[in-house]
$ cat query_27.json   # JSON, C-alpha atoms
[["chain", "number", "residue", "atom", "x", "y", "z"],
["A", 1, "MET", "CA", 71.86, -0.50, -63.35],
["A", 2, "LYS", "CA", 72.38, -1.46, -59.72],
["A", 3, "LEU", "CA", 73.46, 2.09, -58.94],
["A", 4, "PHE", "CA", 70.33, 3.42, -60.63],
["A", 5, "LEU", "CA", 68.09, 1.06, -58.62],
["A", 6, "LYS", "CA", 69.81, 2.08, -55.38],
["A", 7, "LEU", "CA", 69.31, 5.76, -56.18],
["A", 8, "LEU", "CA", 65.68, 5.12, -57.10],
["A", 9, "LEU", "CA", 65.14, 3.24, -53.85],
["A", 10, "ILE", "CA", 66.71, 6.09, -51.87],
["A", 11, "LEU", "CA", 64.51, 8.68, -53.62],
["A", 12, "VAL", "CA", 61.32, 6.66, -53.07],
["A", 13, "SER", "CA", 62.19, 6.05, -49.42],
["A", 14, "THR", "CA", 62.95, 9.74, -48.90],
["A", 15, "ALA", "CA", 59.66, 10.76, -50.51],
["A", 16, "LEU", "CA", 57.65, 8.32, -48.40],
["A", 17, "PHE", "CA", 59.44, 9.42, -45.23],
["A", 18, "ALA", "CA", 58.80, 13.07, -46.01],
["A", 19, "GLN", "CA", 55.09, 12.39, -46.53],
["A", 20, "THR", "CA", 54.78, 10.75, -43.11],
["A", 21, "GLN", "CA", 56.34, 13.65, -41.24],
["A", 22, "PRO", "CA", 53.90, 16.27, -39.92],
["A", 23, "VAL", "CA", 54.42, 19.76, -41.21],
["A", 24, "LYS", "CA", 55.61, 21.94, -38.35],
["A", 25, "LYS", "CA", 53.24, 24.81, -37.68],
["A", 26, "ASN", "CA", 54.51, 28.32, -37.18],
["A", 27, "HIS", "CA", 53.80, 30.27, -33.99],
["A", 28, "PHE", "CA", 50.54, 31.79, -35.22],
["A", 29, "GLN", "CA", 49.23, 28.50, -36.58],
["A", 30, "THR", "CA", 49.97, 26.68, -33.33],
["A", 31, "PHE", "CA", 48.40, 29.45, -31.25],
["A", 32, "GLY", "CA", 45.29, 29.58, -33.43],
["A", 33, "ASN", "CA", 44.88, 25.82, -33.50],
["A", 34, "VAL", "CA", 45.17, 25.50, -29.71],
["A", 35, "ILE", "CA", 42.68, 28.31, -29.05],
["A", 36, "LYS", "CA", 40.21, 27.02, -31.65],
["A", 37, "THR", "CA", 40.39, 23.42, -30.42],
["A", 38, "SER", "CA", 40.15, 24.43, -26.75],
["A", 39, "PHE", "CA", 37.14, 26.64, -27.43],
["A", 40, "ASN", "CA", 35.37, 23.96, -29.48],
["A", 41, "THR", "CA", 35.84, 21.37, -26.74],
["A", 42, "ILE", "CA", 34.00, 23.41, -24.07],
["A", 43, "PRO", "CA", 30.65, 21.58, -24.58],
["A", 44, "ASN", "CA", 32.44, 18.25, -24.56],
["A", 45, "ASP", "CA", 34.22, 19.16, -21.31],
["A", 46, "PHE", "CA", 30.86, 19.20, -19.57],
["A", 47, "VAL", "CA", 29.71, 16.04, -21.38],
["A", 48, "TYR", "CA", 32.71, 14.23, -19.93],
["A", 49, "LEU", "CA", 31.98, 15.73, -16.51],
["A", 50, "GLY", "CA", 28.43, 14.41, -16.69],
["A", 51, "LYS", "CA", 29.75, 10.99, -17.68],
["A", 52, "GLU", "CA", 31.92, 10.94, -14.55],
["A", 53, "PHE", "CA", 28.67, 10.71, -12.57],
["A", 54, "SER", "CA", 26.44, 8.78, -14.97],
["A", 55, "ASP", "CA", 28.81, 6.07, -16.23],
["A", 56, "ASP", "CA", 28.95, 4.34, -12.85],
["A", 57, "TRP", "CA", 25.93, 5.15, -10.68],
["A", 58, "LYS", "CA", 27.08, 2.66, -8.07],
["A", 59, "LYS", "CA", 30.33, 4.54, -7.54],
["A", 60, "THR", "CA", 28.45, 7.86, -7.57],
["A", 61, "GLY", "CA", 26.15, 6.50, -4.87],
["A", 62, "TYR", "CA", 29.13, 5.49, -2.75],
["A", 63, "TYR", "CA", 30.61, 8.96, -3.08],
["A", 64, "ALA", "CA", 27.31, 10.58, -2.12],
["A", 65, "ALA", "CA", 26.90, 8.27, 0.89],
["A", 66, "GLY", "CA", 30.47, 8.98, 1.96],
["A", 67, "ILE", "CA", 29.97, 12.75, 1.77],
["A", 68, "LEU", "CA", 26.71, 12.45, 3.74],
["A", 69, "GLY", "CA", 28.57, 10.46, 6.38],
["A", 70, "LEU", "CA", 31.27, 13.15, 6.57],
["A", 71, "ILE", "CA", 28.61, 15.84, 6.99],
["A", 72, "ALA", "CA", 27.05, 13.83, 9.82],
["A", 73, "THR", "CA", 30.41, 13.64, 11.64],
["A", 74, "ASP", "CA", 31.51, 17.18, 10.80],
["A", 75, "LYS", "CA", 31.33, 18.44, 14.37],
["A", 76, "ILE", "CA", 33.88, 15.86, 15.45],
["A", 77, "THR", "CA", 36.22, 16.04, 12.45],
["A", 78, "THR", "CA", 36.10, 19.83, 12.07],
["A", 79, "LYS", "CA", 36.73, 20.32, 15.81],
["A", 80, "ALA", "CA", 39.78, 18.03, 15.51],
["A", 81, "TRP", "CA", 40.92, 19.97, 12.41],
["A", 82, "GLN", "CA", 40.64, 23.27, 14.30],
["A", 83, "ASP", "CA", 42.35, 21.91, 17.41],
["A", 84, "TYR", "CA", 45.19, 19.91, 15.90],
["A", 85, "VAL", "CA", 45.81, 20.77, 12.25],
["A", 86, "GLU", "CA", 45.38, 24.55, 12.06],
["A", 87, "PRO", "CA", 47.60, 25.36, 15.11],
["A", 88, "THR", "CA", 50.29, 22.89, 13.96],
["A", 89, "ILE", "CA", 50.54, 23.98, 10.32],
["A", 90, "ASP", "CA", 50.86, 27.73, 10.60],
["A", 91, "TYR", "CA", 52.82, 29.53, 7.87],
["A", 92, "ARG", "CA", 52.33, 32.06, 5.10],
["A", 93, "LEU", "CA", 53.93, 32.19, 1.67],
["A", 94, "PRO", "CA", 55.49, 35.55, 0.70],
["A", 95, "ASN", "CA", 53.27, 37.73, -1.45],
["A", 96, "MET", "CA", 54.60, 37.47, -5.02],
["A", 97, "THR", "CA", 51.94, 39.71, -6.59],
["A", 98, "PRO", "CA", 53.54, 42.60, -8.51],
["A", 99, "HIS", "CA", 52.79, 46.00, -6.98],
["A", 100, "PHE", "CA", 50.82, 47.18, -10.00],
["A", 101, "LEU", "CA", 48.36, 44.28, -9.50],
["A", 102, "ARG", "CA", 47.89, 44.56, -5.74],
["A", 103, "ASN", "CA", 44.73, 46.63, -6.11],
["A", 104, "SER", "CA", 43.08, 43.89, -8.16],
["A", 105, "LYS", "CA", 40.05, 42.16, -6.62],
["A", 106, "ASN", "CA", 40.77, 38.96, -8.57],
["A", 107, "VAL", "CA", 41.71, 36.34, -5.95],
["A", 108, "TRP", "CA", 43.77, 34.38, -8.49],
["A", 109, "ILE", "CA", 45.95, 37.38, -9.37],
["A", 110, "ASN", "CA", 46.19, 39.25, -6.06],
["A", 111, "ASN", "CA", 46.29, 36.68, -3.29],
["A", 112, "GLY", "CA", 49.43, 35.41, -1.59],
["A", 113, "GLU", "CA", 48.86, 31.67, -1.85],
["A", 114, "ASN", "CA", 46.77, 31.47, -5.03],
["A", 115, "THR", "CA", 49.41, 33.22, -7.11],
["A", 116, "TYR", "CA", 51.82, 30.35, -6.46],
["A", 117, "LEU", "CA", 49.58, 28.29, -8.73],
["A", 118, "THR", "CA", 48.37, 30.82, -11.27],
["A", 119, "TYR", "CA", 51.66, 32.56, -12.01],
["A", 120, "PRO", "CA", 53.52, 29.33, -12.87],
["A", 121, "ILE", "CA", 50.62, 28.41, -15.18],
["A", 122, "ILE", "CA", 50.86, 31.81, -16.86],
["A", 123, "GLY", "CA", 54.61, 31.19, -17.19],
["A", 124, "ILE", "CA", 54.06, 27.78, -18.79],
["A", 125, "TYR", "CA", 51.64, 29.26, -21.30],
["A", 126, "LEU", "CA", 53.75, 32.31, -22.23],
["A", 127, "GLY", "CA", 56.91, 30.19, -22.43],
["A", 128, "SER", "CA", 55.10, 27.76, -24.72],
["A", 129, "LEU", "CA", 53.95, 30.62, -26.93],
["A", 130, "ILE", "CA", 57.52, 31.85, -27.30],
["A", 131, "THR", "CA", 58.95, 28.37, -28.00],
["A", 132, "ASN", "CA", 56.00, 27.31, -30.19],
["A", 133, "ASN", "CA", 55.31, 24.37, -27.86],
["A", 134, "GLU", "CA", 51.82, 23.10, -28.64],
["A", 135, "LYS", "CA", 51.47, 20.79, -25.63],
["A", 136, "GLY", "CA", 52.52, 23.54, -23.22],
["A", 137, "GLN", "CA", 49.87, 25.84, -24.67],
["A", 138, "TYR", "CA", 47.21, 23.15, -24.20],
["A", 139, "VAL", "CA", 48.35, 22.67, -20.60],
["A", 140, "GLY", "CA", 48.06, 26.41, -19.94],
["A", 141, "VAL", "CA", 44.62, 26.72, -21.52],
["A", 142, "ASN", "CA", 43.34, 23.60, -19.74],
["A", 143, "ALA", "CA", 44.62, 24.96, -16.44],
["A", 144, "PHE", "CA", 42.79, 28.24, -17.02],
["A", 145, "LYS", "CA", 39.69, 26.21, -17.83],
["A", 146, "ALA", "CA", 40.09, 24.39, -14.52],
["A", 147, "ILE", "CA", 40.04, 27.69, -12.64],
["A", 148, "ALA", "CA", 37.04, 29.00, -14.61],
["A", 149, "TYR", "CA", 34.99, 25.81, -14.33],
["A", 150, "SER", "CA", 35.77, 25.42, -10.62],
["A", 151, "THR", "CA", 34.60, 28.97, -9.97],
["A", 152, "LEU", "CA", 31.45, 28.48, -12.04],
["A", 153, "ILE", "CA", 30.55, 25.13, -10.48],
["A", 154, "THR", "CA", 31.30, 26.05, -6.87],
["A", 155, "GLN", "CA", 30.54, 29.76, -6.58],
["A", 156, "VAL", "CA", 27.61, 30.09, -8.93],
["A", 157, "THR", "CA", 26.05, 26.63, -8.82],
["A", 158, "LEU", "CA", 26.74, 24.36, -5.84],
["A", 159, "LYS", "CA", 27.06, 27.04, -3.17],
["A", 160, "SER", "CA", 23.82, 28.61, -4.39],
["A", 161, "ILE", "CA", 22.04, 25.24, -4.25],
["A", 162, "PHE", "CA", 23.27, 24.10, -0.84],
["A", 163, "SER", "CA", 23.84, 27.51, 0.83],
["A", 164, "ARG", "CA", 25.60, 25.92, 3.80],
["A", 165, "ASN", "CA", 26.89, 28.24, 6.50],
["A", 166, "ARG", "CA", 30.53, 28.11, 7.54],
["A", 167, "PRO", "CA", 31.62, 26.77, 10.95],
["A", 168, "LYS", "CA", 32.53, 28.94, 13.89],
["A", 169, "ASN", "CA", 36.19, 28.90, 14.77],
["A", 170, "PRO", "CA", 36.40, 27.48, 17.34],
["A", 171, "LEU", "CA", 33.16, 25.52, 17.23],
["A", 172, "ASN", "CA", 30.67, 26.13, 20.05],
["A", 173, "SER", "CA", 32.19, 29.54, 20.74],
["A", 174, "THR", "CA", 30.13, 32.65, 21.44],
["A", 175, "THR", "CA", 32.58, 35.03, 19.79],
["A", 176, "GLN", "CA", 31.33, 34.60, 16.23],
["A", 177, "ALA", "CA", 27.83, 35.55, 15.22],
["A", 178, "TYR", "CA", 25.65, 34.56, 12.27],
["A", 179, "PRO", "CA", 26.29, 33.46, 9.55],
["A", 180, "PHE", "CA", 28.99, 31.36, 11.24],
["A", 181, "THR", "CA", 27.45, 28.37, 12.98],
["A", 182, "ASP", "CA", 28.14, 25.28, 15.07],
["A", 183, "ASN", "CA", 25.28, 23.39, 13.38],
["A", 184, "ASN", "CA", 26.68, 21.03, 10.76],
["A", 185, "TRP", "CA", 23.20, 20.69, 9.17],
["A", 186, "ASP", "CA", 22.81, 24.44, 8.57],
["A", 187, "PHE", "CA", 21.94, 24.31, 4.84],
["A", 188, "PHE", "CA", 19.69, 26.23, 2.42],
["A", 189, "ASN", "CA", 20.22, 29.70, 3.84],
["A", 190, "GLY", "CA", 20.14, 31.53, 0.52],
["A", 191, "ARG", "CA", 22.88, 33.66, -0.99],
["A", 192, "GLU", "CA", 23.20, 37.42, -0.86],
["A", 193, "GLU", "CA", 25.83, 37.46, -3.62],
["A", 194, "THR", "CA", 25.65, 34.62, -6.12],
["A", 195, "ILE", "CA", 28.47, 35.39, -8.55],
["A", 196, "ILE", "CA", 31.71, 36.17, -6.74],
["A", 197, "LEU", "CA", 31.78, 35.72, -3.00],
["A", 198, "GLN", "CA", 32.10, 38.62, -0.64],
["A", 199, "ASN", "CA", 29.51, 37.78, 2.01],
["A", 200, "PRO", "CA", 30.25, 34.51, 3.91],
["A", 201, "ARG", "CA", 26.57, 33.57, 4.25],
["A", 202, "GLY", "CA", 25.78, 30.21, 2.65],
["A", 203, "THR", "CA", 29.21, 29.75, 1.12],
["A", 204, "ALA", "CA", 30.65, 26.65, 2.79],
["A", 205, "LEU", "CA", 29.93, 23.70, 0.48],
["A", 206, "PRO", "CA", 32.08, 22.96, -1.44],
["A", 207, "SER", "CA", 35.35, 24.77, -0.82],
["A", 208, "MET", "CA", 36.22, 26.78, -3.92],
["A", 209, "HIS", "CA", 39.94, 26.77, -3.13],
["A", 210, "VAL", "CA", 40.14, 23.01, -2.65],
["A", 211, "THR", "CA", 38.05, 22.41, -5.78],
["A", 212, "THR", "CA", 40.28, 24.64, -7.88],
["A", 213, "TYR", "CA", 43.53, 23.32, -6.42],
["A", 214, "PHE", "CA", 42.58, 19.71, -7.12],
["A", 215, "ALA", "CA", 41.31, 20.56, -10.62],
["A", 216, "LEU", "CA", 44.63, 22.25, -11.45],
["A", 217, "ALA", "CA", 46.67, 19.43, -9.92],
["A", 218, "LYS", "CA", 44.72, 16.83, -11.92],
["A", 219, "VAL", "CA", 45.22, 18.71, -15.19],
["A", 220, "LEU", "CA", 48.98, 18.96, -14.62],
["A", 221, "GLN", "CA", 49.25, 15.37, -13.38],
["A", 222, "MET", "CA", 47.55, 13.94, -16.46],
["A", 223, "GLU", "CA", 49.25, 16.19, -19.01],
["A", 224, "PHE", "CA", 52.76, 15.65, -17.61],
["A", 225, "ASP", "CA", 52.18, 12.13, -16.23],
["A", 226, "ASN", "CA", 53.57, 13.17, -12.86],
["A", 227, "TYR", "CA", 51.85, 13.04, -9.46],
["A", 228, "TRP", "CA", 54.55, 14.33, -7.16],
["A", 229, "VAL", "CA", 55.14, 17.84, -8.45],
["A", 230, "PRO", "CA", 51.55, 19.09, -8.97],
["A", 231, "TYR", "CA", 50.11, 17.54, -5.81],
["A", 232, "SER", "CA", 53.07, 18.59, -3.68],
["A", 233, "LEU", "CA", 52.77, 22.17, -4.94],
["A", 234, "MET", "CA", 49.01, 22.11, -4.40],
["A", 235, "SER", "CA", 49.47, 20.88, -0.81],
["A", 236, "VAL", "CA", 52.05, 23.56, 0.02],
["A", 237, "VAL", "CA", 49.75, 26.26, -1.32],
["A", 238, "PHE", "CA", 46.64, 24.87, 0.39],
["A", 239, "PHE", "CA", 48.19, 24.69, 3.85],
["A", 240, "SER", "CA", 49.56, 28.23, 3.58],
["A", 241, "ASN", "CA", 47.24, 30.38, 5.68],
["A", 242, "VAL", "CA", 45.12, 27.29, 6.35],
["A", 243, "LYS", "CA", 43.15, 29.05, 9.10],
["A", 244, "ALA", "CA", 41.62, 31.40, 6.54],
["A", 245, "HIS", "CA", 39.72, 28.65, 4.72],
["A", 246, "ARG", "CA", 36.96, 28.43, 7.34],
["A", 247, "HIS", "CA", 35.34, 25.22, 6.13],
["A", 248, "TRP", "CA", 33.83, 22.05, 7.51],
["A", 249, "VAL", "CA", 35.96, 18.99, 6.73],
["A", 250, "SER", "CA", 33.25, 17.64, 4.41],
["A", 251, "ASP", "CA", 33.38, 20.91, 2.40],
["A", 252, "MET", "CA", 37.05, 20.30, 1.70],
["A", 253, "VAL", "CA", 36.68, 16.61, 0.86],
["A", 254, "ASP", "CA", 33.77, 17.40, -1.46],
["A", 255, "GLY", "CA", 35.87, 20.09, -3.13],
["A", 256, "GLY", "CA", 38.69, 17.61, -3.67],
["A", 257, "ILE", "CA", 36.35, 15.13, -5.36],
["A", 258, "VAL", "CA", 34.63, 17.74, -7.53],
["A", 259, "GLY", "CA", 37.95, 19.33, -8.50],
["A", 260, "THR", "CA", 39.45, 15.99, -9.50],
["A", 261, "LEU", "CA", 36.45, 15.23, -11.71],
["A", 262, "ILE", "CA", 36.63, 18.67, -13.32],
["A", 263, "GLY", "CA", 40.34, 18.36, -14.11],
["A", 264, "ARG", "CA", 39.99, 14.83, -15.46],
["A", 265, "SER", "CA", 37.04, 15.78, -17.67],
["A", 266, "ILE", "CA", 38.93, 18.74, -19.17],
["A", 267, "VAL", "CA", 41.96, 16.64, -20.07],
["A", 268, "ARG", "CA", 39.96, 13.69, -21.42],
["A", 269, "SER", "CA", 37.97, 16.05, -23.65],
["A", 270, "SER", "CA", 41.16, 17.79, -24.80],
["A", 271, "TRP", "CA", 42.94, 14.51, -25.53],
["A", 272, "LYS", "CA", 40.06, 13.30, -27.65],
["A", 273, "ALA", "CA", 40.13, 16.49, -29.75],
["A", 274, "ARG", "CA", 43.93, 16.27, -30.07],
["A", 275, "GLY", "CA", 43.82, 12.59, -31.09],
["A", 276, "ILE", "CA", 45.77, 11.38, -28.07]]
$ encode --input "query_27.json" --output "structure tokens"
Amino acid sequence: MKLFLKLLLILVSTALFAQTQPVKKNHFQTFGNVIKTSFNTIPNDFVYLGKEFSDDWKKTGYYAAGILGLIATDKITTKAWQDYVEPTIDYRLPNMTPHFLRNSKNVWINNGENTYLTYPIIGIYLGSLITNNEKGQYVGVNAFKAIAYSTLITQVTLKSIFSRNRPKNPLNSTTQAYPFTDNNWDFFNGREETIILQNPRGTALPSMHVTTYFALAKVLQMEFDNYWVPYSLMSVVFFSNVKAHRHWVSDMVDGGIVGTLIGRSIVRSSWKARGI
């Protein structure tokens, strides 16, 4: 009788344990679930982004006042950036773009520094597909979202609204003509190309590169709970060819703030859908 009760207890315990274990999805199920969930969370991504501004209007006001103060002092800070930072940090990362992609006009596929961020993300996603790693696939998709949203918000929206001209380099020089300027209040100039930038007119605020870099870093930091690796990589990539950015200091700070909010909103929305 005791033996029977022990066996019965073992069977019941095994059955209960089995019921509590999640059924492991196959590769196609994991892939489909990640894509479906990530697509369905797109509206909520922007809801969370709106909440970043509306949940604490006092903090939003402080940010706005701080950015306005940076714009007011841009002649001083940008001149110092041009004089002391750009000449001191002067290096280029080797071009890792495959030869068959070097005719591409996509700046995230065929650009020396950008590829040091996008190619590892592609690697994370493809590696996660092969190993059936659900979290890795979410990280990859959320990182791609960060690039897409940063481009949409900076290139199509904010730059078109503010249309700020980029600074001369060096400031107060006579070697660079319009649309480069030494007037830090040179806003609302209109855009000649409003989708993907080619013409520099009205394209200063905010910096697309800084926005995207911070959005990607925030996604990776939150998903992997690690600050050092994503922000160190982002810094190395940003300072590569730093002279080419051609921005006022306030453009870069604004990009960092906007990018951080974009990355955080994407992950918060994703976590909610994933039940984290």
$ closest_residue --input "query_27.json" --among "A:Tyr62, A:Phe39, A:Tyr84, A:Ile147" --to "Ile109 of chain A" --atoms "all atoms listed in the file"
A:Ile147
$ residues_around --input "query_27.json" --residues "segment 110-117 of chain A" --least-positions-apart "3" --cutoff "9 Å" --atoms "all atoms listed in the file" --output "MDAnalysis selection string"
chainID A and resid 92:98 101:107 120:122 209 213 216 233:234 236:238 240:241
$ residues_around --input "query_27.json" --residues "Met252 of chain A" --least-positions-apart "2" --cutoff "10 Å" --atoms "all atoms listed in the file" --output "JSON, numbers by chain"
{"A": [204, 205, 206, 207, 208, 209, 210, 211, 245, 246, 247, 248, 249, 250, 254, 255, 256, 257, 258]}
$ atom_distance --input "query_27.json" --atom1 "atom CA of Asp182 of chain A" --atom2 "atom CA of Pro167 of chain A"
5.6 Å
$ residues_around --input "query_27.json" --residues "Phe239 of chain A" --least-positions-apart "4" --cutoff "8 Å" --atoms "all atoms listed in the file" --output "VMD selection string"
chain A and resid 89 to 91 235
